[in-house]
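To be precise, the following lines are my_file_32.cif, and they hold mmCIF, C-alpha atoms.
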```
data_entry
#
loop_
_atom_site.label_atom_id
_atom_site.label_comp_id
_atom_site.auth_asym_id
_atom_site.auth_seq_id
_atom_site.Cartn_x
_atom_site.Cartn_y
_atom_site.Cartn_z
CA MET U 34 18.73 -0.60 -12.47
CA ARG U 35 16.20 -2.86 -14.13
CA GLU U 36 13.75 -1.64 -16.75
CA PHE U 37 10.13 -1.52 -15.59
CA ASP U 38 8.55 -4.00 -17.98
CA THR U 39 5.22 -5.85 -18.10
CA ASN U 40 6.37 -8.28 -15.41
CA GLY U 41 7.16 -5.36 -13.09
CA LEU U 42 3.86 -3.71 -13.91
CA ARG U 43 1.93 -6.90 -13.07
CA LEU U 44 3.73 -7.19 -9.74
CA ALA U 45 3.31 -3.52 -8.84
CA GLU U 46 -0.39 -3.56 -9.67
CA TYR U 47 -0.86 -6.80 -7.74
CA GLN U 48 0.82 -5.44 -4.62
CA ALA U 49 -1.10 -2.16 -4.95
CA LYS U 50 -4.42 -4.01 -5.19
CA LEU U 51 -3.41 -6.25 -2.29
CA PHE U 52 -2.75 -3.24 -0.06
CA GLU U 53 -5.97 -1.57 -1.20
CA ALA U 54 -8.10 -4.69 -0.61
CA SER U 55 -6.66 -5.12 2.88
CA HIS U 56 -8.70 -2.08 3.94
CA ASP U 57 -12.02 -3.93 3.76
CA ARG U 58 -10.81 -7.49 4.20
CA PHE U 59 -9.13 -7.15 7.59
CA LYS U 60 -10.55 -5.62 10.75
CA CYS U 61 -7.07 -4.79 12.02
CA SER U 62 -5.35 -1.48 11.35
CA SER U 63 -3.41 -0.86 8.17
CA SER U 64 -0.19 -0.85 10.21
CA VAL U 65 -0.89 -4.36 11.51
CA PHE U 66 -1.61 -5.56 7.98
CA LEU U 67 1.63 -4.03 6.69
CA ARG U 68 3.69 -5.68 9.45
CA ARG U 69 2.09 -9.02 8.66
CA PHE U 70 2.66 -8.55 4.95
CA LEU U 71 6.29 -7.61 5.61
CA HIS U 72 6.91 -10.91 7.41
CA SER U 73 4.79 -13.12 5.16
CA GLU U 74 5.74 -15.97 2.89
CA LEU U 75 3.83 -14.15 0.16
CA LEU U 76 6.32 -11.28 0.33
CA GLU U 77 9.22 -13.73 0.07
CA ARG U 78 7.74 -14.98 -3.19
CA MET U 79 6.98 -11.46 -4.41
CA ASP U 80 10.54 -10.28 -3.73
CA LYS U 81 11.75 -12.76 -6.33
CA ASN U 82 10.10 -10.29 -8.73
CA ASN U 83 8.77 -13.01 -11.00
CA SER U 84 5.04 -12.80 -11.69
CA ALA U 85 5.07 -16.33 -13.16
CA ILE U 86 5.51 -17.90 -9.69
CA LEU U 87 2.50 -16.06 -8.20
CA SER U 88 -1.20 -16.52 -8.82
CA LEU U 89 -1.72 -12.71 -8.79
CA ASP U 90 -5.17 -13.26 -7.30
CA VAL U 91 -5.67 -10.63 -4.61
CA ILE U 92 -8.16 -12.68 -2.57
CA GLU U 93 -5.79 -15.65 -2.60
CA GLY U 94 -2.93 -13.40 -1.45
CA LEU U 95 -5.00 -12.00 1.41
CA ASN U 96 -6.08 -15.55 2.33
CA ASP U 97 -2.42 -16.60 2.44
CA ILE U 98 -1.61 -13.79 4.88
CA GLU U 99 -4.64 -14.58 7.04
CA ASP U 100 -3.81 -18.31 7.05
CA GLU U 101 -0.24 -17.55 8.06
CA PHE U 102 -0.98 -15.06 10.85
CA GLY U 103 -4.60 -15.63 11.82
CA ILE U 104 -7.36 -13.10 12.33
CA SER U 105 -6.65 -9.89 14.19
CA GLU U 106 -8.86 -7.01 15.23
CA TYR U 107 -6.01 -5.05 16.77
CA GLY U 108 -5.93 -1.35 15.96
CA ASN U 109 -8.46 0.69 14.07
CA THR U 110 -6.52 3.28 12.06
CA LYS U 111 -6.80 2.55 8.38
CA TYR U 112 -5.26 4.48 5.53
CA ASN U 113 -7.55 5.38 2.65
CA TYR U 114 -7.85 3.16 -0.42
CA ASP U 115 -5.96 5.43 -2.79
CA SER U 116 -2.97 5.89 -0.50
CA LEU U 117 -2.82 2.14 0.20
CA PHE U 118 -2.80 1.50 -3.55
CA TRP U 119 -0.10 4.11 -4.21
CA VAL U 120 2.19 2.97 -1.37
CA GLY U 121 1.87 -0.67 -2.44
CA TYR U 122 2.63 0.26 -6.03
CA MET U 123 5.63 2.44 -5.15
CA TYR U 124 7.26 -0.12 -2.85
CA ARG U 125 7.02 -2.79 -5.55
CA TYR U 126 8.14 -0.40 -8.29
CA ILE U 127 11.25 0.49 -6.31
CA SER U 128 11.88 -3.12 -5.33
CA TYR U 129 11.59 -4.24 -8.94
CA THR U 130 13.57 -1.50 -10.65
CA ARG U 131 16.32 -1.26 -8.02
CA ASN U 132 16.42 -5.00 -7.27
CA VAL U 133 16.14 -4.58 -3.51
CA SER U 134 13.98 -6.35 -0.95
CA THR U 135 10.77 -4.85 0.34
CA ILE U 136 12.05 -5.19 3.91
CA PHE U 137 15.04 -3.04 2.96
CA LEU U 138 12.65 -0.45 1.50
CA PHE U 139 10.44 -0.40 4.59
CA LYS U 140 13.55 0.21 6.70
CA THR U 141 14.81 2.92 4.35
CA PHE U 142 11.52 4.66 3.57
CA ASP U 143 9.27 4.37 6.61
CA TYR U 144 5.75 3.42 5.58
CA LYS U 145 4.19 6.11 7.81
CA LYS U 146 6.24 8.74 5.99
CA MET U 147 5.19 7.22 2.66
CA PHE U 148 1.54 7.68 3.60
CA GLU U 149 2.25 11.28 4.63
CA LEU U 150 3.83 11.85 1.23
CA TYR U 151 0.90 10.40 -0.69
CA TYR U 152 -0.85 13.71 -1.37
CA PRO U 153 2.16 15.70 -2.55
CA LEU U 154 3.71 12.85 -4.58
CA HIS U 155 0.99 10.52 -5.86
CA THR U 156 0.52 12.31 -9.19
CA GLN U 157 4.22 12.28 -10.04
CA ASP U 158 6.21 9.86 -12.17
CA PRO U 159 7.61 6.97 -10.05
CA GLU U 160 11.20 7.88 -10.97
CA TRP U 161 10.60 11.44 -9.82
CA VAL U 162 9.16 10.09 -6.57
CA ILE U 163 12.27 7.96 -6.02
CA ARG U 164 14.55 10.96 -6.58
CA SER U 165 12.43 12.98 -4.13
CA LEU U 166 12.55 10.23 -1.51
CA LEU U 167 16.30 9.90 -1.85
CA GLU U 168 16.69 13.65 -1.46
CA LEU U 169 14.34 13.72 1.53
CA TYR U 170 16.36 11.00 3.28
CA ASN U 171 19.73 12.52 2.24
CA LEU U 172 20.61 9.51 0.10
CA ASN U 173 21.58 9.04 -3.52
CA GLU U 174 20.93 6.37 -6.12
CA ASP U 175 24.09 4.52 -5.04
CA TYR U 176 22.28 3.59 -1.84
CA PHE U 177 20.43 0.85 -3.75
CA ASP U 178 23.74 -0.78 -4.71
CA PRO U 179 24.58 -3.47 -2.11
CA ASN U 180 28.30 -2.97 -2.70
CA TYR U 181 27.96 0.72 -1.87
CA ARG U 182 26.21 -0.08 1.42
CA PHE U 183 28.87 -2.67 2.22
CA LYS U 184 31.64 -0.13 1.61
CA GLN U 185 29.86 2.41 3.81
CA GLU U 186 29.67 -0.13 6.64
CA LEU U 187 33.35 -0.96 6.26
CA ARG U 188 34.22 2.72 6.45
CA LYS U 189 32.30 3.05 9.71
CA ARG U 190 34.12 0.09 11.25
CA VAL U 191 37.57 1.25 10.14
CA SER U 192 37.08 4.83 11.36
#
```
Rewrite the structure from the file as C-alpha cells, please.
Amino acid sequence: MREFDTNGLRLAEYQAKLFEASHDRFKCSSSVFLRRFLHSELLERMDKNNSAILSLDVIEGLNDIEDEFGISEYGNTKYNYDSLFWVGYMYRYISYTRNVSTIFLFKTFDYKKMFELYYPLHTQDPEWVIRSLLELYNLNEDYFDPNYRFKQELRKRVS
C-alpha cells in the first residue's frame, strides 16, 4: 500500500473535479461520460499516478475526452455534483494507495453501486470506505495484490 501524499491528493482532487465538471459540460448522461472516461487516453495517463505528467486543468481534461470521443447527447440521467466529486475522488484514492488501475476498480466496485453508497459513506474516512466496500463485496485487502488474484485464478483452474 502506498502512502497518500500530496501527489495522490492532487490526482484525487483533479479526478473528482473532472467528474463534477462533466455534469454541466456534457449533455450526455453521467454513465456515458464515465464509460468514455474509462476508455480514454487521459485515464491511461492518470493511472500512472504521477501528477507531473498531467496538466491538471479540468477544462483541458474534458476537452481531451470530447476530442477523443466526440459530442454525445445520449442519455439524460445525471448524478448530482457532490456524488460525482466523491466517486471520482474515491476511485483515484483507491487507485493511488492500492496501486491498481481504475478499470480494475470499476470492475470490482460497480460505479452505480458507488453512487448508491454516496449518502451513507461520503462523510467517512477513505480508508474506512475501502474497508466497507471490501466487506460489502466479500473481499479482503489481499484482493488488491496482483499475486493474490493470480493465485486465486490458478486455484480455480486446478480445481
Could you list, as a CSV table (one decimal) with C-alpha atoms, in the coordinates of the input, every residue within 12 Å of segment 133-149 of chain U, counting only C-alpha atoms and ignoring same-chain residues fewer than 6 positions away?
```
chain,number,residue,atom,x,y,z
U,34,MET,CA,18.7,-0.6,-12.5
U,35,ARG,CA,16.2,-2.9,-14.1
U,45,ALA,CA,3.3,-3.5,-8.8
U,48,GLN,CA,0.8,-5.4,-4.6
U,63,SER,CA,-3.4,-0.9,8.2
U,64,SER,CA,-0.2,-0.8,10.2
U,65,VAL,CA,-0.9,-4.4,11.5
U,66,PHE,CA,-1.6,-5.6,8.0
U,67,LEU,CA,1.6,-4.0,6.7
U,68,ARG,CA,3.7,-5.7,9.4
U,69,ARG,CA,2.1,-9.0,8.7
U,70,PHE,CA,2.7,-8.6,5.0
U,71,LEU,CA,6.3,-7.6,5.6
U,72,HIS,CA,6.9,-10.9,7.4
U,73,SER,CA,4.8,-13.1,5.2
U,75,LEU,CA,3.8,-14.2,0.2
U,76,LEU,CA,6.3,-11.3,0.3
U,77,GLU,CA,9.2,-13.7,0.1
U,78,ARG,CA,7.7,-15.0,-3.2
U,79,MET,CA,7.0,-11.5,-4.4
U,80,ASP,CA,10.5,-10.3,-3.7
U,81,LYS,CA,11.8,-12.8,-6.3
U,82,ASN,CA,10.1,-10.3,-8.7
U,110,THR,CA,-6.5,3.3,12.1
U,111,LYS,CA,-6.8,2.6,8.4
U,112,TYR,CA,-5.3,4.5,5.5
U,113,ASN,CA,-7.6,5.4,2.6
U,114,TYR,CA,-7.8,3.2,-0.4
U,115,ASP,CA,-6.0,5.4,-2.8
U,116,SER,CA,-3.0,5.9,-0.5
U,117,LEU,CA,-2.8,2.1,0.2
U,118,PHE,CA,-2.8,1.5,-3.6
U,119,TRP,CA,-0.1,4.1,-4.2
U,120,VAL,CA,2.2,3.0,-1.4
U,121,GLY,CA,1.9,-0.7,-2.4
U,122,TYR,CA,2.6,0.3,-6.0
U,123,MET,CA,5.6,2.4,-5.2
U,124,TYR,CA,7.3,-0.1,-2.8
U,125,ARG,CA,7.0,-2.8,-5.6
U,126,TYR,CA,8.1,-0.4,-8.3
U,127,ILE,CA,11.2,0.5,-6.3
U,155,HIS,CA,1.0,10.5,-5.9
U,162,VAL,CA,9.2,10.1,-6.6
U,163,ILE,CA,12.3,8.0,-6.0
U,165,SER,CA,12.4,13.0,-4.1
U,166,LEU,CA,12.6,10.2,-1.5
U,167,LEU,CA,16.3,9.9,-1.8
U,168,GLU,CA,16.7,13.6,-1.5
U,169,LEU,CA,14.3,13.7,1.5
U,170,TYR,CA,16.4,11.0,3.3
U,171,ASN,CA,19.7,12.5,2.2
U,172,LEU,CA,20.6,9.5,0.1
U,176,TYR,CA,22.3,3.6,-1.8
U,177,PHE,CA,20.4,0.8,-3.8
U,178,ASP,CA,23.7,-0.8,-4.7
U,179,PRO,CA,24.6,-3.5,-2.1
U,182,ARG,CA,26.2,-0.1,1.4
```
Query - Point-to-point distance from atom CA of Ser84 of chain U to atom CA of Arg43 of chain U, Å rounded to tenths - result: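 Atom CA of Arg43 of chain U lies at a distance of 6.8 Å from atom CA of Ser84 of chain U.
Rounded to one decimal, atom CA of Trp161 of chain U and atom CA of Phe183 of chain U lie 26.0 Å from each other.
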Matched chain/residue IDs from the PyMOL selection byres ((chain U and resi 108) around 6), as a PDB file with C-alpha atoms, keeping the file's coordinate frame:
```pdb
ATOM      1  CA  CYS U  61      -7.070  -4.790  12.020  1.00  0.00           C
ATOM      2  CA  SER U  62      -5.350  -1.480  11.350  1.00  0.00           C
ATOM      3  CA  TYR U 107      -6.010  -5.050  16.770  1.00  0.00           C
ATOM      4  CA  ASN U 109      -8.460   0.690  14.070  1.00  0.00           C
TER       5      ASN U 109
END
```
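Computed from the coordinates, the atom CA of Glu93 of chain U to atom CA of Glu74 of chain U distance equals 12.8 Å.
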Report task. Decode the PyMOL selection byres ((chain U and resi 89) around 12) for the given file into explicit residues and return them as a list in words. Result -> Asn40, Leu42, Arg43, Leu44, Ala45, Glu46, Tyr47, Gln48, Ala49, Lys50, Leu51, Leu75, Arg78, Met79, Asn83, Ser84, Ala85, Ile86, Leu87, Ser88, Asp90, Val91, Ile92, Glu93, Gly94, Leu95 and Asp97 of chain U
